[in-house]
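Everything on this sheet refers to the single structure shown next.
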Amino acid sequence: MSTPEITPEQAARDLQFLTRDYLPQARWTVGGALRFDPSLQTTNSFLSQLPGIRRFHSVAGCPPCRWTLDWFVQRRPVAFDTYCQALEAYAQQQTGVILVFDNPNLNEEDLADNYCLGLVQELYNRDRIRRNAVCVASDALAARLRAALPKLKIHCHANRLVMETGKRTAALYNKLATRYDRVCLHPADAVKPGITAALEQKDKFDIIINDPCLRNCPVRREHTALLAEMRRTPYDTELMRRRSDLISRVGCQKVIPGELKQKASCNLTRDEATALYEAGFRSFIIQAQQFRNEMTLLWDIFQCMLDYSPEISNKAALIAASAMAEFGKPSSELPSGLRQFRFTNYE
């Protein structure tokens, strides 16, 4: 006896129990684009085959350039053709791309960088599904891009709030929401009801769900400024030493099992994420810039997007394990460091 076929709509209804009690209508932006593209595209393709579960609304990231920061090592530039191919691949998956320019300390020379401007122009030209945008940490950069591309969607990055010297208030966020298409909350502010309850247009704000920095970090602004200096002079070993000393002084990367403290980091708990959802927030970001490799990101994608309540945790584990199995499928191409080269008989 053959098994009766069901429609995607019926499948979605049958699988509603997997997301019904945990951020059911959340919109997800996943970081790591233009850095971990093979892993993201494989995961995105797998999730798109599961109707009614989760899928990426957008991916976020950027090739290394003057307008970006690197948390660990200065990444090498990306060939422009590779960048364009990635944009096309995400467009074919019906997934928007958000270029993240998280460097808040830009001078006039930086703002005129032709490579960075070319990245934005190409993003705009290839926006077939009307989901592409840029996310900036500099008001001056936002003004420059508005002048060049008036219809470009511009989001406000969390680093814009990190570098704010005054007190971060709901009034400040509401003001930024009138100047930007979307605003990302400072990770430490997402759990402050005095701010979140007073935001007037909650549908315009993004919440980072997995930021590993300390909630009460005393040097986040200093750390960000130091990373901006390192972008400008990447081989300055004195800057590297200062960064190492800064991290050691705060101790944010030390894990002492006997001294673990609940809610020490900006990672949101399930209850906190659910409370934000119930308050009207729908857009959540899974960041990747503070991860050294894609394995940590892949872990967080499933930990953040799936409901691991005890009664359905086995289903969530099956989905995650099945997604990981996608990476072991046979391929007709062998990995090679020579893939980018072309050989001919002509000089």
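Labeling convention for the structure tokens: chains A, B, ... as they appear, residues from 1 per chain, ligands from 1 in order of appearance.
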
Near stretch 186-198 of chain A, within 6 Å and counting only C-alpha atoms, which residues show up once chain neighbours fewer than 3 positions away are dropped, as a ChimeraX atom specification? /A:158,161,170,215,266

Output N, CA, C and O atoms of each residue in that selection to a file, as a compact mmCIF listing (two decimals), in the first residue's frame.
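Output (out.txt):
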# COMPACT_ATOMS: atom_id res chain seq x y z
N ALA A 158 24.65 47.36 16.33
CA ALA A 158 24.78 47.46 17.78
C ALA A 158 26.02 48.25 18.20
O ALA A 158 26.03 48.90 19.25
N LEU A 161 25.59 51.74 19.22
CA LEU A 161 25.18 51.94 20.62
C LEU A 161 26.32 51.67 21.57
O LEU A 161 26.43 52.31 22.63
N ALA A 170 15.55 54.64 26.05
CA ALA A 170 14.52 54.35 25.05
C ALA A 170 14.35 55.52 24.10
O ALA A 170 14.10 55.33 22.90
N ARG A 215 27.51 40.92 30.28
CA ARG A 215 26.42 41.90 30.33
C ARG A 215 26.87 43.22 30.95
O ARG A 215 26.37 44.27 30.58
N CYS A 266 25.79 37.99 27.59
CA CYS A 266 24.61 38.57 26.93
C CYS A 266 23.80 37.53 26.17
O CYS A 266 22.82 37.89 25.50

So which bits of stretch 79-325 of chain A end up helix (DSSP H, G or I) when you DSSP the backbone, as a VMD selection string? chain A and resid 80 to 92 108 to 111 114 to 125 139 to 148 158 to 162 170 to 179 187 to 189 193 to 196 202 to 204 220 to 232 237 to 250 257 to 259 270 to 278 294 to 305 310 to 325

Which residue is closest to A:Ile319? Choose from A:Leu176, A:Val250, A:Leu227, A:Leu50 and count only C-alpha atoms.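 Selected residue with least distance to A:Ile319: A:Leu50.
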
DSSP on the backbone, strand (DSSP E or B) only: what residues of stretch 151-340 of chain A does that give? Format it as a ChimeraX atom specification. /A:154-156,182-184,205-208,210-214,265-267,283-286

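A straight line drawn from atom CA of A:Cys156 to atom CA of A:Val183 is 4.6 Å long.
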
What gap, in Å, lies between atom CA of A:Glu164 and atom CA of A:Asp70?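 Between atom CA of A:Glu164 and atom CA of A:Asp70 the gap is 20.3 Å.
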
A:Ser322 environment, 12 Å, only C-alpha atoms, sequence neighbours closer than 5 positions dropped, as a PyMOL selection string: chain A and resi 42-43+46-47+49-50+302+315-317+327-329

Selection export as a short mmCIF file (atom, residue, chain, number, x, y, z; two decimals), in the first residue's frame, atoms kept: C-alpha atoms:
data_model
loop_
_atom_site.label_atom_id
_atom_site.label_comp_id
_atom_site.auth_asym_id
_atom_site.auth_seq_id
_atom_site.Cartn_x
_atom_site.Cartn_y
_atom_site.Cartn_z
CA THR A 42 23.94 23.89 3.18
CA THR A 43 22.03 24.52 6.42
CA PHE A 46 18.18 21.79 4.45
CA LEU A 47 15.84 23.94 6.57
CA GLN A 49 12.93 21.58 2.84
CA LEU A 50 11.16 21.35 6.21
CA PHE A 302 20.06 25.03 16.16
CA LYS A 315 12.70 15.99 17.61
CA ALA A 316 14.98 19.04 17.79
CA ALA A 317 18.01 16.77 18.13
CA PHE A 327 27.78 17.84 5.19
CA GLY A 328 28.85 14.22 4.75
CA LYS A 329 27.17 13.55 1.44
#

Residues within 7 Å of A:Pro212, please, as JSON, numbers by chain. Count only C-alpha atoms; anything in the same chain fewer than 2 positions from it doesn't count. {"A": [210, 214, 265, 266, 267]}

Residue contacts of A:Gln85 (12 Å, only C-alpha atoms) excluding same-chain residues fewer than 2 positions away, as a list in words: Leu34, Asp37, Pro38, Val78, Ala79, Phe80, Asp81, Thr82, Tyr83, Leu87, Glu88, Ala89, Tyr90, Ala91, Gln92, Glu122, Leu123 and Arg126 of chain A

Save the residues we just selected, N, CA and C atoms, as an mmCIF file, in the first residue's frame?
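again-v4.cif was written with the following content:
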data_model
loop_
_atom_site.group_PDB
_atom_site.id
_atom_site.type_symbol
_atom_site.label_atom_id
_atom_site.label_comp_id
_atom_site.auth_asym_id
_atom_site.auth_seq_id
_atom_site.Cartn_x
_atom_site.Cartn_y
_atom_site.Cartn_z
ATOM 1 N N LEU A 34 29.502 35.393 3.816
ATOM 2 C CA LEU A 34 30.734 35.839 3.161
ATOM 3 C C LEU A 34 31.963 35.480 3.991
ATOM 4 N N ASP A 37 30.165 30.641 4.047
ATOM 5 C CA ASP A 37 29.072 30.445 3.091
ATOM 6 C C ASP A 37 28.713 28.987 2.812
ATOM 7 N N PRO A 38 29.662 28.090 2.580
ATOM 8 C CA PRO A 38 29.256 26.695 2.319
ATOM 9 C C PRO A 38 28.411 26.107 3.447
ATOM 10 N N VAL A 78 38.514 39.310 -0.087
ATOM 11 C CA VAL A 78 37.772 38.334 -0.884
ATOM 12 C C VAL A 78 37.708 38.829 -2.321
ATOM 13 N N ALA A 79 37.949 37.928 -3.265
ATOM 14 C CA ALA A 79 37.846 38.300 -4.677
ATOM 15 C C ALA A 79 36.429 38.794 -4.983
ATOM 16 N N PHE A 80 36.323 39.828 -5.786
ATOM 17 C CA PHE A 80 35.010 40.421 -6.055
ATOM 18 C C PHE A 80 34.082 39.420 -6.742
ATOM 19 N N ASP A 81 34.619 38.578 -7.609
ATOM 20 C CA ASP A 81 33.794 37.567 -8.277
ATOM 21 C C ASP A 81 33.210 36.583 -7.264
ATOM 22 N N THR A 82 34.006 36.211 -6.261
ATOM 23 C CA THR A 82 33.521 35.304 -5.220
ATOM 24 C C THR A 82 32.381 35.948 -4.440
ATOM 25 N N TYR A 83 32.521 37.215 -4.160
ATOM 26 C CA TYR A 83 31.468 37.972 -3.473
ATOM 27 C C TYR A 83 30.183 37.975 -4.296
ATOM 28 N N LEU A 87 26.342 36.365 -3.442
ATOM 29 C CA LEU A 87 25.079 37.106 -3.501
ATOM 30 C C LEU A 87 24.057 36.356 -4.357
ATOM 31 N N GLU A 88 24.505 35.831 -5.473
ATOM 32 C CA GLU A 88 23.605 35.096 -6.359
ATOM 33 C C GLU A 88 23.113 33.816 -5.700
ATOM 34 N N ALA A 89 24.000 33.131 -4.984
ATOM 35 C CA ALA A 89 23.616 31.871 -4.335
ATOM 36 C C ALA A 89 22.538 32.111 -3.285
ATOM 37 N N TYR A 90 22.664 33.176 -2.499
ATOM 38 C CA TYR A 90 21.644 33.466 -1.486
ATOM 39 C C TYR A 90 20.340 33.935 -2.137
ATOM 40 N N ALA A 91 20.447 34.677 -3.230
ATOM 41 C CA ALA A 91 19.228 35.107 -3.923
ATOM 42 C C ALA A 91 18.453 33.895 -4.443
ATOM 43 N N GLN A 92 19.168 32.885 -4.931
ATOM 44 C CA GLN A 92 18.506 31.676 -5.412
ATOM 45 C C GLN A 92 17.833 30.917 -4.275
ATOM 46 N N GLU A 122 27.029 46.610 -5.639
ATOM 47 C CA GLU A 122 26.722 45.279 -6.162
ATOM 48 C C GLU A 122 25.577 44.641 -5.374
ATOM 49 N N LEU A 123 25.576 44.821 -4.073
ATOM 50 C CA LEU A 123 24.481 44.312 -3.244
ATOM 51 C C LEU A 123 23.149 44.906 -3.693
ATOM 52 N N ARG A 126 21.949 43.606 -7.220
ATOM 53 C CA ARG A 126 21.557 42.198 -7.289
ATOM 54 C C ARG A 126 20.400 41.857 -6.343
#

Find the residues near A:Val136: any atom within 12 Å, counting only C-alpha atoms, skip ones fewer than 4 places away on the same chain, and give them as JSON, numbers by chain. {"A": [60, 61, 62, 67, 68, 69, 98, 99, 100, 101, 102, 103, 104, 105, 106, 111, 120, 140, 141, 142, 143, 144, 145, 146, 153, 154, 155, 156, 157, 158, 159, 160, 161, 180, 181, 182, 183, 184]}

Output C-alpha atoms for every residue in the selection just made, as a compact mmCIF listing (two decimals), in the first residue's frame.
# COMPACT_ATOMS: atom_id res chain seq x y z
CA ALA A 60 24.53 38.87 7.60
CA GLY A 61 28.23 39.46 7.15
CA CYS A 62 30.77 41.18 4.93
CA TRP A 67 34.35 49.45 7.14
CA THR A 68 34.44 46.17 9.07
CA LEU A 69 36.11 44.74 12.17
CA ILE A 98 22.77 42.20 5.00
CA LEU A 99 26.23 43.71 4.59
CA VAL A 100 27.50 44.39 8.09
CA PHE A 101 29.82 47.39 8.38
CA ASP A 102 30.50 47.23 12.11
CA ASN A 103 33.45 49.63 12.26
CA PRO A 104 32.22 52.74 14.10
CA ASN A 105 35.46 54.78 13.76
CA LEU A 106 35.73 55.88 10.14
CA LEU A 111 34.28 56.71 3.74
CA VAL A 120 27.31 48.13 -1.55
CA ALA A 140 28.60 59.40 8.84
CA LEU A 141 28.69 56.22 6.75
CA ALA A 142 24.88 56.05 6.80
CA ALA A 143 24.72 59.61 5.47
CA ARG A 144 27.23 58.80 2.73
CA LEU A 145 25.28 55.75 1.59
CA ARG A 146 21.95 57.58 1.65
CA LYS A 153 17.80 49.99 3.27
CA ILE A 154 20.14 50.98 6.10
CA HIS A 155 20.13 49.35 9.54
CA CYS A 156 21.80 50.62 12.69
CA HIS A 157 24.40 48.20 14.07
CA ALA A 158 24.78 47.46 17.78
CA ASN A 159 28.28 48.98 17.73
CA ARG A 160 26.67 52.36 17.12
CA LEU A 161 25.18 51.94 20.62
CA TYR A 180 17.27 54.05 10.19
CA ASP A 181 15.10 51.35 8.62
CA ARG A 182 15.95 49.02 11.51
CA VAL A 183 17.90 49.34 14.77
CA CYS A 184 19.78 46.59 16.60

May I ask which of the residues A:Ser48, A:Asp203, A:Met324, A:Gln10 is the closest one to A:Asn174, counting only C-alpha atoms? A:Asp203

Near A:Gln303, counting only C-alpha atoms, which residues have an atom at most 9 Å away, once you skip same-chain residues fewer than 5 positions from it, shown as a list in words?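 Close residues of A:Gln303: Leu298, Tyr308, Ala316 and Ala320 of chain A.
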
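Between A:Glu200 and the candidates A:Ala147, A:Gly166, A:Ala279, A:Pro234, the tightest atom-to-atom separation, counting only C-alpha atoms, involves A:Ala279.
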
Between atom CA of A:Arg179 and atom CA of A:Asn125, distance in Å (one decimal):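 According to the coordinates, atom CA of A:Arg179 and atom CA of A:Asn125 are separated by 23.1 Å.
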